[in-house]
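Source file: start08.cif (mmCIF, C-alpha atoms)
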```cif
data_target
#
loop_
_atom_site.label_atom_id
_atom_site.label_comp_id
_atom_site.auth_asym_id
_atom_site.auth_seq_id
_atom_site.Cartn_x
_atom_site.Cartn_y
_atom_site.Cartn_z
CA MET A 1 20.55 -32.91 1.48
CA SER A 2 22.43 -31.04 4.19
CA GLU A 3 21.52 -31.92 7.75
CA CYS A 4 20.70 -29.11 10.18
CA THR A 5 23.25 -28.82 12.97
CA HIS A 6 21.14 -26.33 14.95
CA ASP A 7 24.09 -23.95 14.73
CA CYS A 8 23.41 -21.45 11.93
CA SER A 9 27.00 -20.21 11.95
CA THR A 10 28.28 -23.60 10.75
CA CYS A 11 25.21 -25.18 9.15
CA SER A 12 25.13 -25.40 5.34
CA ALA A 13 21.38 -25.95 5.12
CA ASN A 14 19.37 -23.16 3.48
CA CYS A 15 16.40 -23.10 5.83
CA PRO A 16 13.95 -20.39 6.97
CA SER A 17 15.53 -20.21 10.43
CA LYS A 18 18.93 -19.43 8.94
CA ASN A 19 17.46 -16.84 6.57
CA LYS A 20 15.67 -15.18 9.48
CA GLN A 21 18.84 -15.06 11.55
CA SER A 22 20.81 -13.66 8.62
CA ARG A 23 18.27 -10.88 8.21
CA GLU A 24 18.29 -10.09 11.92
CA ASP A 25 22.08 -9.83 11.85
CA MET A 26 21.73 -6.87 9.45
CA PHE A 27 19.39 -4.87 11.67
CA GLU A 28 20.66 -1.56 12.99
CA LYS A 29 20.34 -1.21 16.75
CA PRO A 30 17.83 1.40 17.91
CA ASN A 31 18.74 4.15 20.31
CA GLU A 32 19.15 2.60 23.75
CA LEU A 33 16.43 4.93 25.09
CA SER A 34 13.93 3.98 22.36
CA SER A 35 11.01 1.62 22.73
CA VAL A 36 9.16 0.53 19.57
CA LYS A 37 6.88 -2.50 19.48
CA HIS A 38 5.92 -2.76 15.80
CA ILE A 39 7.35 -1.19 12.63
CA ILE A 40 5.09 -1.04 9.58
CA GLY A 41 6.50 -0.07 6.19
CA VAL A 42 4.27 1.62 3.62
CA VAL A 43 5.66 0.88 0.16
CA SER A 44 4.94 0.86 -3.56
CA GLY A 45 6.67 -0.19 -6.74
CA LYS A 46 6.31 3.31 -8.24
CA GLY A 47 5.83 6.91 -7.18
CA GLY A 48 2.74 9.07 -7.04
CA VAL A 49 0.30 6.47 -5.74
CA GLY A 50 -0.21 7.98 -2.28
CA LYS A 51 2.12 6.24 0.17
CA SER A 52 2.44 9.36 2.33
CA LEU A 53 -1.34 9.77 2.41
CA VAL A 54 -1.85 6.15 3.46
CA THR A 55 0.91 6.46 6.06
CA SER A 56 -0.70 9.58 7.52
CA MET A 57 -4.19 8.10 7.57
CA LEU A 58 -3.06 4.86 9.23
CA ALA A 59 -1.12 6.81 11.85
CA VAL A 60 -4.18 8.93 12.65
CA LEU A 61 -6.46 5.90 12.90
CA MET A 62 -4.13 3.96 15.19
CA GLN A 63 -3.66 7.02 17.40
CA ARG A 64 -7.45 7.34 17.64
CA LYS A 65 -7.60 3.72 18.79
CA GLY A 66 -5.53 4.73 21.79
CA TYR A 67 -2.03 3.64 20.73
CA ARG A 68 1.21 5.59 20.77
CA VAL A 69 2.20 6.20 17.16
CA GLY A 70 5.23 7.51 15.29
CA ILE A 71 6.15 8.17 11.65
CA LEU A 72 9.64 7.80 10.24
CA ASP A 73 9.64 9.74 6.96
CA ALA A 74 12.13 7.78 4.86
CA ASP A 75 11.31 9.72 1.69
CA ILE A 76 14.32 11.98 2.15
CA THR A 77 14.20 13.79 -1.19
CA GLY A 78 10.42 14.21 -1.24
CA PRO A 79 9.21 14.46 2.36
CA SER A 80 5.56 15.40 2.77
CA ILE A 81 4.54 14.02 6.16
CA PRO A 82 5.21 17.27 8.14
CA LYS A 83 3.08 19.24 5.64
CA ALA A 84 0.11 16.90 6.04
CA PHE A 85 0.21 17.32 9.82
CA GLY A 86 1.01 21.05 9.84
CA LEU A 87 4.18 20.27 11.76
CA ASP A 88 7.08 22.73 11.67
CA ALA A 89 8.66 22.27 15.09
CA PRO A 90 12.39 21.62 14.86
CA VAL A 91 14.01 18.35 15.87
CA GLU A 92 15.67 18.73 19.25
CA GLY A 93 18.22 16.58 20.97
CA ASP A 94 21.34 16.20 23.03
CA GLY A 95 24.17 13.75 23.40
CA LEU A 96 21.69 10.95 24.04
CA GLY A 97 19.81 11.27 20.76
CA MET A 98 17.30 13.22 18.68
CA ILE A 99 13.83 13.99 20.02
CA PRO A 100 11.13 13.82 17.32
CA PRO A 101 8.53 16.61 17.54
CA ALA A 102 4.90 15.57 17.96
CA THR A 103 1.78 16.55 16.07
CA LYS A 104 -1.27 18.12 17.70
CA THR A 105 -2.61 14.71 18.74
CA GLY A 106 0.75 13.36 19.85
CA ILE A 107 2.05 11.46 16.82
CA GLU A 108 5.86 11.59 16.83
CA VAL A 109 7.44 12.46 13.47
CA MET A 110 11.02 12.36 12.21
CA SER A 111 11.56 13.92 8.80
CA VAL A 112 14.38 15.73 7.04
CA ASN A 113 12.01 18.66 6.43
CA LEU A 114 12.01 19.29 10.19
CA MET A 115 15.76 19.87 10.00
CA LEU A 116 15.81 22.40 7.15
CA ASP A 117 15.67 26.17 7.56
CA ASP A 118 13.85 26.34 4.23
CA VAL A 119 11.51 23.43 3.45
CA THR A 120 11.63 24.29 -0.26
CA ARG A 121 15.38 23.67 -0.38
CA PRO A 122 16.05 20.46 -2.33
CA VAL A 123 17.96 17.64 -0.68
CA VAL A 124 20.60 16.95 -3.33
CA TRP A 125 22.34 13.92 -1.84
CA ARG A 126 23.64 10.71 -3.33
CA GLY A 127 22.12 7.35 -2.47
CA PRO A 128 24.55 6.25 0.27
CA VAL A 129 24.08 9.55 2.15
CA ILE A 130 20.31 9.30 1.92
CA ALA A 131 20.39 5.68 3.10
CA GLY A 132 22.63 6.68 6.00
CA THR A 133 20.16 9.39 7.02
CA VAL A 134 17.32 6.88 7.14
CA LYS A 135 19.43 4.65 9.39
CA GLN A 136 20.12 7.61 11.68
CA PHE A 137 16.41 8.35 11.94
CA TRP A 138 16.19 4.88 13.51
CA THR A 139 19.45 4.60 15.46
CA ASP A 140 19.79 8.19 16.72
CA THR A 141 16.15 9.03 17.42
CA ILE A 142 14.61 8.45 20.83
CA TRP A 143 11.22 6.97 20.00
CA ASN A 144 9.21 7.21 23.21
CA ASN A 145 7.30 3.99 23.90
CA ILE A 146 5.84 3.70 20.40
CA ASP A 147 3.30 0.96 19.69
CA TYR A 148 3.26 1.44 15.91
CA LEU A 149 6.04 3.16 13.98
CA PHE A 150 5.05 3.74 10.35
CA VAL A 151 7.83 4.12 7.79
CA ASP A 152 6.89 6.17 4.74
CA CYS A 153 9.18 4.67 2.10
CA PRO A 154 10.20 6.30 -1.17
CA PRO A 155 9.00 4.53 -4.33
CA GLY A 156 10.71 1.68 -6.09
CA THR A 157 13.21 -0.94 -4.98
CA GLY A 158 16.41 1.12 -4.81
CA ASP A 159 18.84 2.15 -2.08
CA VAL A 160 16.43 3.58 0.48
CA PRO A 161 13.67 0.91 0.39
CA LEU A 162 16.43 -1.71 0.52
CA THR A 163 17.97 0.07 3.51
CA VAL A 164 14.61 0.09 5.29
CA PHE A 165 14.03 -3.60 4.55
CA GLN A 166 17.52 -4.63 5.65
CA SER A 167 18.21 -2.25 8.54
CA LEU A 168 14.89 -1.94 10.37
CA PRO A 169 13.12 -4.88 12.06
CA LEU A 170 9.91 -4.50 10.08
CA SER A 171 6.89 -6.35 11.42
CA GLY A 172 5.26 -6.13 8.00
CA ILE A 173 4.43 -3.86 5.10
CA VAL A 174 1.37 -2.34 3.44
CA ILE A 175 1.55 -2.06 -0.36
CA VAL A 176 -0.13 0.96 -1.95
CA SER A 177 -1.37 0.85 -5.54
CA SER A 178 -3.64 2.73 -7.94
CA PRO A 179 -6.31 1.61 -10.44
CA GLN A 180 -4.28 2.00 -13.63
CA ASP A 181 -3.53 -1.05 -15.80
CA LEU A 182 0.06 -1.12 -14.56
CA VAL A 183 -1.14 -1.89 -11.02
CA SER A 184 -0.08 -5.53 -11.42
CA MET A 185 3.48 -4.44 -12.13
CA ILE A 186 3.43 -2.00 -9.20
CA VAL A 187 2.29 -4.64 -6.74
CA SER A 188 4.56 -7.30 -8.22
CA LYS A 189 7.72 -5.26 -7.69
CA ALA A 190 6.92 -4.51 -4.05
CA ALA A 191 5.62 -8.01 -3.36
CA ASN A 192 8.64 -9.73 -4.89
CA MET A 193 11.02 -7.52 -2.93
CA ALA A 194 9.19 -8.30 0.30
CA GLN A 195 9.33 -12.01 -0.51
CA MET A 196 13.07 -11.83 -1.22
CA MET A 197 13.63 -10.14 2.15
CA ASN A 198 11.25 -12.47 4.06
CA ILE A 199 9.00 -9.61 5.18
CA PRO A 200 5.27 -10.26 5.72
CA VAL A 201 2.78 -8.29 3.61
CA LEU A 202 -0.23 -7.19 5.64
CA GLY A 203 -2.26 -6.34 2.55
CA LEU A 204 -3.03 -3.90 -0.25
CA VAL A 205 -4.51 -0.41 -0.28
CA GLU A 206 -5.77 1.17 -3.49
CA ASN A 207 -5.64 4.96 -3.68
CA MET A 208 -7.49 7.17 -6.20
CA SER A 209 -9.97 4.34 -6.67
CA TYR A 210 -12.89 6.44 -7.84
CA VAL A 211 -14.66 9.79 -7.57
CA LEU A 212 -18.09 10.20 -6.03
CA CYS A 213 -20.38 12.45 -8.06
CA PRO A 214 -21.32 15.36 -5.75
CA ASP A 215 -24.85 15.44 -7.19
CA CYS A 216 -25.98 11.82 -7.48
CA GLY A 217 -23.34 9.95 -5.46
CA LYS A 218 -22.44 7.66 -8.35
CA LYS A 219 -18.93 6.19 -8.38
CA ILE A 220 -16.92 7.34 -11.37
CA ASN A 221 -13.87 5.24 -12.29
CA VAL A 222 -11.57 8.00 -13.52
CA PHE A 223 -8.74 5.59 -14.36
CA GLY A 224 -10.94 2.84 -15.70
CA GLU A 225 -12.17 -0.34 -14.09
CA SER A 226 -10.14 -1.38 -11.07
CA HIS A 227 -8.50 -4.80 -10.97
CA ILE A 228 -7.33 -4.59 -7.36
CA GLU A 229 -9.47 -7.53 -6.23
CA GLU A 230 -7.92 -9.74 -8.91
CA ILE A 231 -4.43 -8.64 -7.96
CA ALA A 232 -5.12 -9.25 -4.27
CA GLU A 233 -6.36 -12.74 -5.07
CA LYS A 234 -3.37 -13.43 -7.32
CA PHE A 235 -0.86 -12.68 -4.59
CA GLY A 236 -3.00 -13.93 -1.73
CA TYR A 237 -3.06 -10.56 0.02
CA PRO A 238 -6.15 -9.08 1.65
CA LEU A 239 -7.55 -5.84 0.25
CA LEU A 240 -7.35 -3.44 3.21
CA GLY A 241 -9.11 -0.45 1.71
CA ARG A 242 -9.94 1.70 -1.29
CA ILE A 243 -9.47 5.46 -1.01
CA PRO A 244 -11.44 7.65 -3.44
CA MET A 245 -10.27 10.95 -4.88
CA ASP A 246 -11.83 13.39 -2.42
CA TYR A 247 -11.17 17.12 -2.40
CA ARG A 248 -11.92 17.31 1.32
CA LEU A 249 -9.09 14.93 2.15
CA SER A 250 -6.72 16.82 -0.16
CA ALA A 251 -7.73 20.10 1.48
CA LEU A 252 -6.98 18.73 4.95
CA CYS A 253 -3.50 17.65 3.83
CA ASP A 254 -2.83 21.02 2.20
CA ARG A 255 -3.85 22.81 5.40
CA GLY A 256 -1.86 20.48 7.64
CA MET A 257 -5.01 19.12 9.27
CA ILE A 258 -5.05 15.44 8.30
CA GLU A 259 -5.79 14.60 11.93
CA LEU A 260 -9.31 16.02 11.44
CA MET A 261 -10.22 13.54 8.69
CA GLU A 262 -13.65 11.92 8.92
CA ASN A 263 -13.97 8.78 6.81
CA ASN A 264 -13.88 5.00 7.15
CA TRP A 265 -11.83 4.09 4.08
CA LEU A 266 -8.95 2.53 6.00
CA ASP A 267 -10.81 1.25 9.05
CA THR A 268 -10.32 -2.34 7.80
CA ALA A 269 -6.58 -1.71 7.50
CA ALA A 270 -6.38 -0.31 11.03
CA ASP A 271 -8.32 -3.28 12.41
CA ALA A 272 -6.03 -5.68 10.55
CA LEU A 273 -2.96 -3.97 12.00
CA GLU A 274 -4.38 -4.21 15.49
CA THR A 275 -5.15 -7.92 15.05
CA ALA A 276 -1.91 -8.92 13.34
CA TYR A 277 0.38 -6.91 15.62
CA PRO A 278 -1.33 -6.45 19.00
CA ALA A 279 -0.11 -3.87 21.51
CA GLU A 280 -1.33 -2.57 24.83
CA LYS A 281 -3.12 0.74 24.50
CA ALA A 282 -1.68 3.82 26.16
CA ASP A 283 -3.24 4.91 29.43
#
```

Please render this file's structure as structure tokens.
Amino acid sequence: MSECTHDCSTCSANCPSKNKQSREDMFEKPNELSSVKHIIGVVSGKGGVGKSLVTSMLAVLMQRKGYRVGILDADITGPSIPKAFGLDAPVEGDGLGMIPPATKTGIEVMSVNLMLDDVTRPVVWRGPVIAGTVKQFWTDTIWNNIDYLFVDCPPGTGDVPLTVFQSLPLSGIVIVSSPQDLVSMIVSKAANMAQMMNIPVLGLVENMSYVLCPDCGKKINVFGESHIEEIAEKFGYPLLGRIPMDYRLSALCDRGMIELMENNWLDTAADALETAYPAEKAD
């Protein structure tokens, strides 16, 4: 067995300290005027499960707790964060960096849709260009004293999620899933990638869990019986919340008014974030 020399540059031992230093060596430096305490990635092994919704809801809840919050929309080809917040202000900046516009309650947002003259215009870029844009959203943006910066990742384990995992100093990630039978595969892909990159998993959120009957209040499992508790136990992750299919929440997103949501579905997730990654509340 190799003996640790306490100098990772020359040591041949494959230990956690060396792996951590190797990962930190890959981080892109933030803008020198930025201040970000914690970065939380919101990920999934497949698309269409509601990562942007969970990102938006968590951002709103942490802002309501009194923290300064930002969202880095890393889903370059399918950005939806500005729409959910009704944000259409352009990104401004100067030689020092880009200034992210803020939502009505003060959540800072950086998204490619805020840079397009026509938000319906497709972003037809190859992977390296998209990955480079995500890096610039971190390195060239002046994030103003942010306590929690949420990164809305595109689905899967390709170029952009890998760029986020390697280039940004993530504090941890939240994995979003849905009740379908393939949920185990969805969680497994994201969980295994996080394990490979030595990134902590805060827990799981299940979206589209059920529908409440408007007449009797009975829970209807549209996609069949959920197995999220079993999956959470299998991987040892806490279940942070279950979000039902609710037309009122969809309507708020469509109208750009997600900040007016009234529910407690992710309160456990917000409390877990606050406990795991403490920060001083804004004055």

Residue with smallest distance to A:Phe27 - pool A:Gly93, A:Gly217, A:Pro200, A:Pro169, counting all atoms listed in the file:
A:Pro169

Go through stretch 33-88 of chain A residue by residue and, counting all atoms listed in the file, keep those with an atom at most 10 Å from stretch 96-118 of chain A; for each kept residue give the shortest atom pair and its distance in Å to one decimal, ordered by chain and increasing number, as a Markdown table.
```
| residue | atom | partner | partner_atom | distance |
| --- | --- | --- | --- | --- |
| A:Leu33 | CA | A:Leu96 | CA | 8.1 |
| A:Ser34 | CA | A:Gly97 | CA | 9.5 |
| A:Ser56 | CA | A:Ile107 | CA | 9.9 |
| A:Ala59 | CA | A:Ile107 | CA | 7.5 |
| A:Val60 | CA | A:Ile107 | CA | 7.9 |
| A:Met62 | CA | A:Ile107 | CA | 9.9 |
| A:Gln63 | CA | A:Ile107 | CA | 7.3 |
| A:Arg64 | CA | A:Thr105 | CA | 8.9 |
| A:Tyr67 | CA | A:Ile107 | CA | 9.6 |
| A:Arg68 | CA | A:Ile107 | CA | 7.1 |
| A:Val69 | CA | A:Ile107 | CA | 5.3 |
| A:Gly70 | CA | A:Glu108 | CA | 4.4 |
| A:Ile71 | CA | A:Val109 | CA | 4.8 |
| A:Leu72 | CA | A:Met110 | CA | 5.2 |
| A:Asp73 | CA | A:Ser111 | CA | 5.0 |
| A:Ala74 | CA | A:Ser111 | CA | 7.3 |
| A:Asp75 | CA | A:Ser111 | CA | 8.3 |
| A:Ile76 | CA | A:Val112 | CA | 6.2 |
| A:Thr77 | CA | A:Val112 | CA | 8.5 |
| A:Gly78 | CA | A:Asn113 | CA | 9.0 |
| A:Pro79 | CA | A:Asn113 | CA | 6.5 |
| A:Ser80 | CA | A:Asn113 | CA | 8.1 |
| A:Ile81 | CA | A:Ser111 | CA | 7.5 |
| A:Pro82 | CA | A:Asn113 | CA | 7.1 |
| A:Lys83 | CA | A:Asn113 | CA | 9.0 |
| A:Phe85 | CA | A:Thr103 | CA | 6.5 |
| A:Gly86 | CA | A:Thr103 | CA | 7.7 |
| A:Leu87 | CA | A:Thr103 | CA | 6.2 |
| A:Asp88 | CA | A:Leu114 | CA | 6.2 |
```

Considering all atoms listed in the file, return as number ranges by chain whatever protein or nucleic-acid residues lie within 6 Å of A:Phe150, sequence-local ones (same chain, fewer than 5 positions apart) excluded.
A: 39-41, 71

Apply the PyMOL selection byres ((chain A and resi 239) around 6) to the structure shown and report the selected residues as a count of residues only.
5

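Residue nearest A:Glu233 within the list A:Val91, A:Val187, A:Asp267, A:Ile173: A:Val187 [criterion: smallest interatomic distance, only C-alpha atoms].
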
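Between atom CA of A:Val222 and atom CA of A:Arg242 the separation is 13.9 Å.
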
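Using all atoms listed in the file, the smallest distance between any of A:Ile228, A:Cys213, A:Leu202, A:Val176 and A:Lys51 comes from A:Val176.
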
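For A:Trp265, the list of residues within 10 Å, based on only C-alpha atoms and with local chain neighbours fewer than 3 positions off taken out, reads Met57, Val205, Asn207, Leu240, Gly241, Arg242, Ile243, Pro244, Glu262, Thr268, Ala269 and Ala270 of chain A.
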
Selection as a ChimeraX atom specification: residues within 7 Å of (-2.7, 3.2, -5.8), counting all atoms listed in the file:
/A:49-50,176-179,205-208

File output, stretch 169-180 of chain A (all heavy atoms) as a PDB file, in the first residue's frame:
```
ATOM      1  N   PRO A 169     -18.099  24.871  -7.906  1.00  0.00           N
ATOM      2  CA  PRO A 169     -17.901  24.271  -6.578  1.00  0.00           C
ATOM      3  C   PRO A 169     -19.236  23.971  -5.899  1.00  0.00           C
ATOM      4  O   PRO A 169     -19.653  24.650  -4.960  1.00  0.00           O
ATOM      5  CB  PRO A 169     -17.111  25.353  -5.835  1.00  0.00           C
ATOM      6  CG  PRO A 169     -17.537  26.637  -6.470  1.00  0.00           C
ATOM      7  CD  PRO A 169     -17.769  26.320  -7.921  1.00  0.00           C
ATOM      8  N   LEU A 170     -19.903  22.942  -6.379  1.00  0.00           N
ATOM      9  CA  LEU A 170     -21.211  22.587  -5.841  1.00  0.00           C
ATOM     10  C   LEU A 170     -21.118  22.180  -4.373  1.00  0.00           C
ATOM     11  O   LEU A 170     -20.266  21.383  -3.996  1.00  0.00           O
ATOM     12  CB  LEU A 170     -21.819  21.437  -6.642  1.00  0.00           C
ATOM     13  CG  LEU A 170     -22.223  21.704  -8.092  1.00  0.00           C
ATOM     14  CD1 LEU A 170     -22.645  20.401  -8.752  1.00  0.00           C
ATOM     15  CD2 LEU A 170     -23.339  22.720  -8.167  1.00  0.00           C
ATOM     16  N   SER A 171     -22.038  22.711  -3.569  1.00  0.00           N
ATOM     17  CA  SER A 171     -22.147  22.265  -2.187  1.00  0.00           C
ATOM     18  C   SER A 171     -22.851  20.919  -2.128  1.00  0.00           C
ATOM     19  O   SER A 171     -22.533  20.069  -1.292  1.00  0.00           O
ATOM     20  CB  SER A 171     -22.914  23.302  -1.360  1.00  0.00           C
ATOM     21  OG  SER A 171     -22.274  24.560  -1.402  1.00  0.00           O
ATOM     22  N   GLY A 172     -23.816  20.736  -3.018  1.00  0.00           N
ATOM     23  CA  GLY A 172     -24.578  19.496  -3.072  1.00  0.00           C
ATOM     24  C   GLY A 172     -25.610  19.566  -4.177  1.00  0.00           C
ATOM     25  O   GLY A 172     -25.753  20.595  -4.843  1.00  0.00           O
ATOM     26  N   ILE A 173     -26.323  18.460  -4.367  1.00  0.00           N
ATOM     27  CA  ILE A 173     -27.357  18.428  -5.396  1.00  0.00           C
ATOM     28  C   ILE A 173     -28.657  17.868  -4.843  1.00  0.00           C
ATOM     29  O   ILE A 173     -28.681  17.135  -3.851  1.00  0.00           O
ATOM     30  CB  ILE A 173     -26.925  17.581  -6.615  1.00  0.00           C
ATOM     31  CG1 ILE A 173     -26.713  16.122  -6.220  1.00  0.00           C
ATOM     32  CG2 ILE A 173     -25.692  18.165  -7.275  1.00  0.00           C
ATOM     33  CD1 ILE A 173     -26.510  15.196  -7.410  1.00  0.00           C
ATOM     34  N   VAL A 174     -29.748  18.246  -5.508  1.00  0.00           N
ATOM     35  CA  VAL A 174     -31.071  17.686  -5.261  1.00  0.00           C
ATOM     36  C   VAL A 174     -31.459  16.912  -6.519  1.00  0.00           C
ATOM     37  O   VAL A 174     -31.380  17.447  -7.627  1.00  0.00           O
ATOM     38  CB  VAL A 174     -32.108  18.788  -4.967  1.00  0.00           C
ATOM     39  CG1 VAL A 174     -33.510  18.195  -4.877  1.00  0.00           C
ATOM     40  CG2 VAL A 174     -31.754  19.529  -3.686  1.00  0.00           C
ATOM     41  N   ILE A 175     -31.862  15.660  -6.364  1.00  0.00           N
ATOM     42  CA  ILE A 175     -32.245  14.827  -7.502  1.00  0.00           C
ATOM     43  C   ILE A 175     -33.764  14.813  -7.614  1.00  0.00           C
ATOM     44  O   ILE A 175     -34.471  14.531  -6.643  1.00  0.00           O
ATOM     45  CB  ILE A 175     -31.721  13.388  -7.344  1.00  0.00           C
ATOM     46  CG1 ILE A 175     -30.187  13.389  -7.273  1.00  0.00           C
ATOM     47  CG2 ILE A 175     -32.184  12.515  -8.502  1.00  0.00           C
ATOM     48  CD1 ILE A 175     -29.585  12.014  -7.038  1.00  0.00           C
ATOM     49  N   VAL A 176     -34.260  15.124  -8.813  1.00  0.00           N
ATOM     50  CA  VAL A 176     -35.698  15.167  -9.068  1.00  0.00           C
ATOM     51  C   VAL A 176     -36.102  13.922  -9.840  1.00  0.00           C
ATOM     52  O   VAL A 176     -35.431  13.526 -10.800  1.00  0.00           O
ATOM     53  CB  VAL A 176     -36.088  16.427  -9.866  1.00  0.00           C
ATOM     54  CG1 VAL A 176     -37.598  16.497 -10.054  1.00  0.00           C
ATOM     55  CG2 VAL A 176     -35.580  17.682  -9.160  1.00  0.00           C
ATOM     56  N   SER A 177     -37.213  13.310  -9.426  1.00  0.00           N
ATOM     57  CA  SER A 177     -37.695  12.104 -10.092  1.00  0.00           C
ATOM     58  C   SER A 177     -39.207  12.197 -10.283  1.00  0.00           C
ATOM     59  O   SER A 177     -39.841  13.191  -9.923  1.00  0.00           O
ATOM     60  CB  SER A 177     -37.341  10.858  -9.275  1.00  0.00           C
ATOM     61  OG  SER A 177     -38.050  10.872  -8.044  1.00  0.00           O
ATOM     62  N   SER A 178     -39.782  11.145 -10.838  1.00  0.00           N
ATOM     63  CA  SER A 178     -41.226  11.061 -11.038  1.00  0.00           C
ATOM     64  C   SER A 178     -41.677   9.653 -10.659  1.00  0.00           C
ATOM     65  O   SER A 178     -40.845   8.766 -10.465  1.00  0.00           O
ATOM     66  CB  SER A 178     -41.566  11.380 -12.506  1.00  0.00           C
ATOM     67  OG  SER A 178     -40.855  10.516 -13.372  1.00  0.00           O
ATOM     68  N   PRO A 179     -42.992   9.406 -10.560  1.00  0.00           N
ATOM     69  CA  PRO A 179     -43.457   8.124 -10.011  1.00  0.00           C
ATOM     70  C   PRO A 179     -43.401   6.931 -10.958  1.00  0.00           C
ATOM     71  O   PRO A 179     -43.701   5.818 -10.529  1.00  0.00           O
ATOM     72  CB  PRO A 179     -44.926   8.421  -9.647  1.00  0.00           C
ATOM     73  CG  PRO A 179     -45.085   9.882  -9.752  1.00  0.00           C
ATOM     74  CD  PRO A 179     -44.088  10.357 -10.747  1.00  0.00           C
ATOM     75  N   GLN A 180     -43.059   7.128 -12.209  1.00  0.00           N
ATOM     76  CA  GLN A 180     -43.062   6.009 -13.140  1.00  0.00           C
ATOM     77  C   GLN A 180     -42.106   4.899 -12.710  1.00  0.00           C
ATOM     78  O   GLN A 180     -41.201   5.118 -11.915  1.00  0.00           O
ATOM     79  CB  GLN A 180     -42.695   6.470 -14.557  1.00  0.00           C
ATOM     80  CG  GLN A 180     -43.738   7.356 -15.204  1.00  0.00           C
ATOM     81  CD  GLN A 180     -43.444   8.823 -15.011  1.00  0.00           C
ATOM     82  OE1 GLN A 180     -42.916   9.221 -13.976  1.00  0.00           O
ATOM     83  NE2 GLN A 180     -43.791   9.640 -16.002  1.00  0.00           N
TER      84      GLN A 180
END
```
